[in-house]
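What's in model34.csv: CSV, C-alpha atoms
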```
chain,number,residue,atom,x,y,z
B,1,MET,CA,-7.2,-8.9,18.4
B,2,VAL,CA,-5.2,-8.9,15.2
B,3,SER,CA,-7.1,-9.2,11.9
B,4,HIS,CA,-4.5,-7.5,9.6
B,5,MET,CA,-0.7,-7.7,10.1
B,6,GLY,CA,2.6,-7.1,8.4
B,7,LEU,CA,5.1,-9.8,7.6
B,8,VAL,CA,8.7,-9.0,6.6
B,9,GLY,CA,10.6,-11.8,4.9
B,10,LEU,CA,8.9,-14.0,2.3
B,11,GLY,CA,11.4,-16.7,1.9
B,12,LYS,CA,10.9,-20.5,2.3
B,13,MET,CA,9.0,-20.1,5.6
B,14,GLY,CA,7.7,-16.6,5.5
B,15,ASN,CA,5.9,-17.0,2.2
B,16,ASN,CA,4.1,-20.2,3.4
B,17,MET,CA,3.3,-18.4,6.7
B,18,ARG,CA,1.6,-15.6,4.8
B,19,GLU,CA,-0.5,-18.1,2.8
B,20,ARG,CA,-1.5,-20.0,6.0
B,21,LEU,CA,-2.5,-16.8,7.7
B,22,ARG,CA,-4.6,-15.7,4.7
B,23,ARG,CA,-6.3,-19.1,4.6
B,24,ALA,CA,-7.3,-18.5,8.2
B,25,GLY,CA,-8.9,-15.1,7.3
B,26,ILE,CA,-6.1,-12.8,8.6
B,27,GLU,CA,-5.1,-10.1,6.1
B,28,VAL,CA,-1.4,-10.0,5.6
B,29,THR,CA,0.7,-7.3,3.9
B,30,GLY,CA,4.1,-8.7,3.2
B,31,TYR,CA,7.4,-7.1,2.3
B,32,ASP,CA,10.4,-8.7,0.8
B,33,PRO,CA,13.3,-7.1,-1.1
B,34,ARG,CA,12.3,-9.3,-4.1
B,35,PRO,CA,9.5,-7.4,-5.8
B,36,GLU,CA,8.1,-10.5,-7.4
B,37,VAL,CA,6.9,-11.8,-4.0
B,38,SER,CA,6.4,-8.5,-2.1
B,39,ASP,CA,3.0,-6.8,-1.6
B,40,VAL,CA,4.6,-3.4,-1.1
B,41,GLU,CA,7.8,-1.7,-2.2
B,42,SER,CA,9.3,-0.8,1.2
B,43,LEU,CA,9.0,-1.3,5.0
B,44,ALA,CA,7.6,2.2,5.2
B,45,ALA,CA,4.9,1.3,2.8
B,46,LEU,CA,4.1,-1.9,4.8
B,47,VAL,CA,3.7,0.1,8.0
B,48,GLU,CA,1.5,2.7,6.2
B,49,ALA,CA,-0.8,-0.1,4.9
B,50,LEU,CA,-1.5,-1.4,8.4
B,51,PRO,CA,-4.6,-0.2,10.3
B,52,GLY,CA,-4.2,1.4,13.8
B,53,PRO,CA,-4.3,1.7,16.7
B,54,ARG,CA,-2.1,-1.3,17.4
B,55,ARG,CA,-0.1,-2.4,14.4
B,56,VAL,CA,1.7,-5.7,14.3
B,57,VAL,CA,4.7,-6.6,12.2
B,58,TRP,CA,6.2,-10.1,12.2
B,59,VAL,CA,9.8,-10.2,11.2
B,60,MET,CA,10.9,-13.5,9.5
B,61,VAL,CA,14.4,-12.9,8.1
B,62,PRO,CA,17.7,-14.6,8.9
B,63,ALA,CA,19.1,-14.0,12.4
B,64,GLY,CA,22.0,-11.6,12.8
B,65,ASP,CA,22.5,-8.4,10.8
B,66,PRO,CA,19.4,-8.8,8.6
B,67,THR,CA,17.1,-9.1,11.7
B,68,ARG,CA,18.9,-6.3,13.5
B,69,GLY,CA,18.6,-4.0,10.5
B,70,VAL,CA,14.9,-4.6,10.0
B,71,VAL,CA,14.0,-4.3,13.7
B,72,GLN,CA,16.0,-1.0,13.9
B,73,GLU,CA,14.1,0.4,10.9
B,74,LEU,CA,10.8,-0.7,12.2
B,75,GLY,CA,11.6,1.1,15.5
B,76,GLY,CA,11.7,4.3,13.6
B,77,LEU,CA,8.4,3.6,11.7
B,78,LEU,CA,6.2,2.2,14.4
B,79,GLY,CA,4.8,4.0,17.4
B,80,ASP,CA,3.2,3.7,20.8
B,81,GLY,CA,1.1,0.5,21.2
B,82,ASP,CA,2.5,-1.2,18.1
B,83,VAL,CA,4.2,-4.7,18.4
B,84,VAL,CA,7.2,-6.2,16.7
B,85,VAL,CA,7.2,-10.1,16.5
B,86,GLU,CA,10.6,-11.6,15.8
B,87,GLY,CA,10.2,-15.1,14.4
B,88,GLY,CA,13.7,-16.0,13.4
B,89,ASN,CA,16.4,-17.8,15.3
B,90,SER,CA,18.0,-14.8,17.2
B,91,HIS,CA,20.1,-15.4,20.3
B,92,TYR,CA,17.9,-14.7,23.3
B,93,PRO,CA,20.1,-11.9,24.9
B,94,GLU,CA,19.6,-9.9,21.7
B,95,ASP,CA,15.8,-10.2,22.1
B,96,GLN,CA,16.1,-8.7,25.6
B,97,ALA,CA,18.2,-5.8,24.4
B,98,ARG,CA,15.9,-5.1,21.5
B,99,ALA,CA,12.8,-5.2,23.6
B,100,ALA,CA,14.2,-2.7,26.0
B,101,GLU,CA,15.1,-0.3,23.2
B,102,LEU,CA,11.7,-0.6,21.6
B,103,ALA,CA,9.9,-0.2,25.0
B,104,ASP,CA,11.5,3.2,25.3
B,105,ARG,CA,9.4,4.2,22.2
B,106,GLY,CA,6.3,2.4,23.5
B,107,ILE,CA,6.6,-0.5,21.0
B,108,GLY,CA,6.1,-4.0,22.3
B,109,TYR,CA,8.3,-7.0,21.4
B,110,VAL,CA,7.5,-10.7,21.3
B,111,ASP,CA,10.1,-13.3,20.3
B,112,VAL,CA,8.8,-16.5,18.7
B,113,GLY,CA,10.7,-19.7,18.0
B,114,VAL,CA,9.1,-21.3,14.9
B,115,SER,CA,9.5,-25.0,14.0
B,116,GLY,CA,7.9,-26.6,11.0
B,117,GLY,CA,10.2,-25.8,8.1
B,118,ILE,CA,8.9,-25.9,4.6
B,119,TRP,CA,6.1,-28.3,5.6
B,120,GLY,CA,4.4,-25.7,7.9
B,121,LEU,CA,1.9,-24.5,5.3
B,122,GLU,CA,0.0,-27.8,5.4
B,123,ASN,CA,1.0,-29.1,8.8
B,124,GLY,CA,1.2,-26.0,10.9
B,125,TYR,CA,4.1,-24.6,12.9
B,126,GLY,CA,5.2,-25.3,16.4
B,127,LEU,CA,5.4,-22.0,18.2
B,128,MET,CA,7.3,-21.0,21.4
B,129,CYS,CA,6.9,-17.4,22.3
B,130,GLY,CA,8.4,-15.0,24.9
B,131,GLY,CA,6.9,-11.6,25.9
B,132,ASP,CA,4.4,-9.7,27.9
B,133,ALA,CA,1.1,-11.5,28.5
B,134,ALA,CA,-0.9,-8.6,27.1
B,135,HIS,CA,1.1,-8.7,23.8
B,136,VAL,CA,0.8,-12.5,23.6
B,137,GLU,CA,-3.0,-12.3,24.1
B,138,LEU,CA,-3.2,-9.7,21.3
B,139,LEU,CA,-1.4,-12.1,19.0
B,140,MET,CA,-3.4,-15.2,19.8
B,141,PRO,CA,-5.5,-15.2,16.5
B,142,VAL,CA,-2.1,-15.2,14.6
B,143,PHE,CA,-0.7,-18.0,16.8
B,144,ASP,CA,-3.9,-20.0,16.5
B,145,ALA,CA,-3.8,-19.7,12.7
B,146,LEU,CA,-0.2,-20.8,12.4
B,147,ARG,CA,-0.1,-23.6,14.9
B,148,PRO,CA,-1.1,-27.2,14.0
B,149,GLU,CA,-4.6,-28.4,14.4
B,150,GLY,CA,-5.5,-29.9,17.8
B,151,PRO,CA,-5.0,-28.8,21.4
B,152,ARG,CA,-3.3,-25.4,21.6
B,153,ASP,CA,-0.9,-26.5,24.3
B,154,GLU,CA,0.5,-29.3,22.0
B,155,GLY,CA,1.7,-26.8,19.4
B,156,PHE,CA,2.0,-23.5,21.2
B,157,VAL,CA,3.5,-22.2,24.4
B,158,HIS,CA,4.0,-18.8,26.0
B,159,ALA,CA,7.3,-19.9,27.5
B,160,GLY,CA,8.0,-16.9,29.6
B,161,ASN,CA,9.2,-13.3,29.3
B,162,VAL,CA,11.1,-11.8,26.3
B,163,GLY,CA,13.9,-14.2,25.3
B,164,ALA,CA,12.1,-17.3,26.4
B,165,GLY,CA,10.7,-18.1,23.0
B,166,HIS,CA,14.1,-18.2,21.3
B,167,PHE,CA,15.7,-19.9,24.3
B,168,ALA,CA,13.2,-22.7,24.0
B,169,LYS,CA,13.7,-22.9,20.3
B,170,MET,CA,17.5,-23.0,20.8
B,171,VAL,CA,17.1,-26.0,23.1
B,172,HIS,CA,14.6,-27.6,20.7
B,173,ASN,CA,17.2,-27.3,17.9
B,174,GLY,CA,19.9,-28.7,20.1
B,175,ILE,CA,17.7,-31.8,20.7
B,176,GLU,CA,17.1,-31.9,16.9
B,177,TYR,CA,20.9,-32.2,16.4
B,178,GLY,CA,21.0,-35.2,18.7
B,179,LEU,CA,18.0,-37.0,17.2
B,180,MET,CA,19.2,-36.5,13.6
B,181,GLN,CA,22.7,-37.7,14.5
B,182,ALA,CA,21.3,-40.9,16.1
B,183,TYR,CA,19.2,-41.7,13.0
B,184,ALA,CA,22.2,-41.0,10.8
B,185,GLU,CA,24.5,-43.2,12.7
B,186,GLY,CA,22.0,-46.0,12.7
B,187,TYR,CA,21.7,-45.6,8.9
B,188,GLU,CA,25.5,-45.8,8.6
B,189,LEU,CA,25.8,-49.0,10.7
B,190,LEU,CA,23.0,-50.7,8.7
B,191,SER,CA,24.7,-49.7,5.5
B,192,ALA,CA,28.1,-51.0,6.7
B,193,LYS,CA,26.6,-54.5,7.3
B,194,SER,CA,25.2,-55.1,3.8
B,195,ASP,CA,26.1,-58.8,3.9
B,196,VAL,CA,23.5,-59.1,6.7
B,197,VAL,CA,21.0,-56.3,6.1
B,198,THR,CA,20.3,-56.2,2.4
B,199,ASP,CA,17.4,-53.7,2.6
B,200,VAL,CA,18.4,-50.7,4.6
B,201,HIS,CA,15.6,-48.5,3.3
B,202,GLY,CA,13.0,-51.1,4.0
B,203,THR,CA,14.4,-51.6,7.5
B,204,MET,CA,14.1,-48.0,8.4
B,205,ARG,CA,10.6,-47.8,6.8
B,206,ALA,CA,9.5,-50.7,9.0
B,207,TRP,CA,10.3,-48.6,12.0
B,208,LYS,CA,7.7,-46.0,11.1
B,209,ARG,CA,4.8,-47.7,12.9
B,210,GLY,CA,4.7,-49.4,16.3
B,211,THR,CA,8.4,-48.9,17.2
B,212,VAL,CA,9.7,-46.7,20.0
B,213,VAL,CA,11.9,-44.8,17.6
B,214,ARG,CA,9.1,-43.7,15.2
B,215,SER,CA,9.0,-39.9,14.5
B,216,TRP,CA,8.5,-37.3,11.8
B,217,LEU,CA,12.3,-37.2,11.4
B,218,LEU,CA,12.4,-40.9,10.8
B,219,ASP,CA,9.6,-40.4,8.2
B,220,LEU,CA,11.8,-37.8,6.5
B,221,MET,CA,14.9,-40.1,6.6
B,222,VAL,CA,12.8,-42.8,4.8
B,223,LYS,CA,11.7,-40.2,2.3
B,224,ALA,CA,15.3,-39.1,1.6
B,225,LEU,CA,16.3,-42.7,1.0
B,226,GLU,CA,13.4,-43.2,-1.4
B,227,GLU,CA,14.6,-40.3,-3.4
B,228,ASP,CA,18.3,-41.4,-3.3
B,229,PRO,CA,18.8,-44.9,-1.8
B,230,ARG,CA,22.6,-44.5,-1.3
B,231,LEU,CA,22.5,-40.7,-0.8
B,232,GLU,CA,24.9,-40.5,-3.7
B,233,ALA,CA,23.7,-37.1,-4.9
B,234,ILE,CA,24.5,-35.3,-1.7
B,235,ASP,CA,27.7,-34.3,0.0
B,236,ASP,CA,28.4,-35.1,3.6
B,237,TRP,CA,29.1,-31.4,4.5
B,238,VAL,CA,26.6,-30.2,7.1
B,239,ALA,CA,26.2,-26.6,8.3
B,240,ASP,CA,25.4,-25.5,11.8
B,241,SER,CA,23.3,-22.4,12.0
B,242,GLY,CA,24.2,-21.3,15.5
B,243,GLU,CA,21.6,-22.7,17.8
B,244,GLY,CA,23.6,-25.9,18.6
B,245,ARG,CA,26.6,-23.8,19.6
B,246,TRP,CA,24.5,-21.6,21.8
B,247,THR,CA,22.9,-24.6,23.4
B,248,VAL,CA,26.2,-26.0,24.3
B,249,ASP,CA,27.5,-22.6,25.5
B,250,GLU,CA,24.4,-22.4,27.9
B,251,ALA,CA,25.1,-25.9,29.1
B,252,ILE,CA,28.6,-25.0,30.0
B,253,ASP,CA,27.5,-21.7,31.7
B,254,ASN,CA,24.9,-23.6,33.8
B,255,ALA,CA,26.9,-26.8,34.4
B,256,VAL,CA,24.3,-28.9,32.6
B,257,PRO,CA,25.8,-32.0,31.0
B,258,LEU,CA,24.8,-32.3,27.3
B,259,PRO,CA,27.0,-35.2,26.0
B,260,VAL,CA,24.6,-36.2,23.1
B,261,ILE,CA,23.9,-32.7,21.8
B,262,SER,CA,27.6,-31.7,22.2
B,263,ALA,CA,28.7,-34.8,20.3
B,264,ALA,CA,26.2,-34.1,17.5
B,265,LEU,CA,27.5,-30.6,17.1
B,266,PHE,CA,31.1,-31.8,16.9
B,267,SER,CA,30.1,-34.4,14.4
B,268,ARG,CA,28.9,-31.6,12.1
B,269,PHE,CA,32.4,-30.1,12.4
B,270,ALA,CA,33.8,-33.5,11.4
B,271,SER,CA,31.5,-33.5,8.3
B,272,ARG,CA,33.6,-30.8,6.8
B,273,GLN,CA,36.8,-32.9,6.9
B,274,ASP,CA,36.2,-36.6,5.8
B,275,ASP,CA,33.6,-38.6,3.8
B,276,SER,CA,30.9,-39.8,6.2
B,277,PRO,CA,27.7,-41.7,5.3
B,278,ALA,CA,26.2,-40.6,8.6
B,279,MET,CA,26.7,-36.9,7.8
B,280,LYS,CA,25.2,-37.4,4.4
B,281,ALA,CA,22.1,-38.6,6.2
B,282,VAL,CA,22.1,-35.6,8.5
B,283,ALA,CA,22.5,-33.3,5.4
B,284,ALA,CA,19.6,-35.1,3.7
B,285,LEU,CA,17.4,-34.7,6.8
B,286,ARG,CA,18.0,-31.0,7.0
B,287,GLN,CA,17.1,-30.6,3.3
B,288,GLN,CA,13.9,-32.7,3.8
B,289,PHE,CA,12.4,-30.8,6.7
B,290,GLY,CA,13.8,-27.3,6.2
B,291,GLY,CA,14.9,-27.0,2.6
B,292,HIS,CA,18.4,-26.2,4.0
B,293,ALA,CA,21.1,-25.8,1.5
B,294,THR,CA,23.3,-28.9,0.7
B,295,LYS,CA,26.3,-29.4,-1.5
B,296,PRO,CA,26.2,-31.8,-4.4
B,297,SER,CA,28.4,-34.8,-4.2
B,298,ALA,CA,31.8,-34.5,-5.8
B,299,GLU,CA,31.5,-38.0,-7.2
```
Translate the structure of the given file into structure tokens.
Amino acid sequence: MVSHMGLVGLGKMGNNMRERLRRAGIEVTGYDPRPEVSDVESLAALVEALPGPRRVVWVMVPAGDPTRGVVQELGGLLGDGDVVVEGGNSHYPEDQARAAELADRGIGYVDVGVSGGIWGLENGYGLMCGGDAAHVELLMPVFDALRPEGPRDEGFVHAGNVGAGHFAKMVHNGIEYGLMQAYAEGYELLSAKSDVVTDVHGTMRAWKRGTVVRSWLLDLMVKALEEDPRLEAIDDWVADSGEGRWTVDEAIDNAVPLPVISAALFSRFASRQDDSPAMKAVAALRQQFGGHATKPSAE
């Protein structure tokens, strides 16, 4: 079982994950290119600091080239019996390719979809992992420290073999697109009928308890409106980080109809063209739960 691990990437989520793990009694050696937050000066120093015989390094850096570079370097530093955990939002076929390459060197690989954003330190993180059962069992103290309190199966799943964790997170994020879009469109319609509904913020706040649309995303929508009742300080430009596109691609490949998620993705494209109150709401929600970058209003 893991009692001391490495963590690469100490950004908005990684830094909070390090703190949550430490609070649970797991020793963490963290590395980040920014020396003011890093525990060691290099990846090599991080690996050197970890006790054997089975070293564990969790990678929490942006998907794409940053993740590829870190995993490749770790492949040259770790050895037989060690395990790399990839906790970003990589595309699942890349996980399968990386796992095969590392397996040739005797290094295990587990992919983990992580949800919780900047609130995970206090609330815990929803975890979806893919990998060999023995590797997952080795990591259970880490997963239990990071997941929310309560039944394990309500905040953690071993979804399948390598790639399953990030596939599950991809679908999760596609659903998230659709949910945010629905709340945002409801907000826009309420705002458009100001001669009838004079308290939009109060209306959405009243949905927080007892209604069938209550959720954490609704709570965050209400919080965003408390901070900026007309969302005047935020532009309606909304990024898409990749998972929505991948979800729609998989739907096409498997002939699965996803009209809501597809429409939400296309709405994000529309946000880059015209002023839209609904897309301001989506941008505000992404900032609330994940600390994602927004653009200030041009007004």
At most 8 Å from (28.2, -30.2, 14.3), file frame, only C-alpha atoms: which residues, as a PyMOL selection string? chain B and resi 177+238-240+244+263-271
Excluding segment 283-294 of chain B and its own-chain neighbours fewer than 6 positions away, which residues fall within 8 Å of it when counting only C-alpha atoms? Please give them as a list in words. Lys12, Gly116, Gly117, Ile118, Trp119, Met180, Leu217, Leu220, Met221, Lys223, Ala224, Leu231, Ile234, Asp235, Asp236, Trp237 and Val238 of chain B
Separation of atom CA of Leu78 of chain B and atom CA of Ala103 of chain B, in Å? 11.5 Å
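Using all atoms listed in the file, the nearest neighbour of Gln181 of chain B within the list B:Gly130, B:Pro277, B:Pro257, B:Pro229 is B:Pro277.
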Would you mind listing what lies within 8 Å of Arg20 of chain B as a list in words, with only C-alpha atoms counted and same-chain residues fewer than 6 positions away left out? Leu121, Glu122, Ala145 and Leu146 of chain B
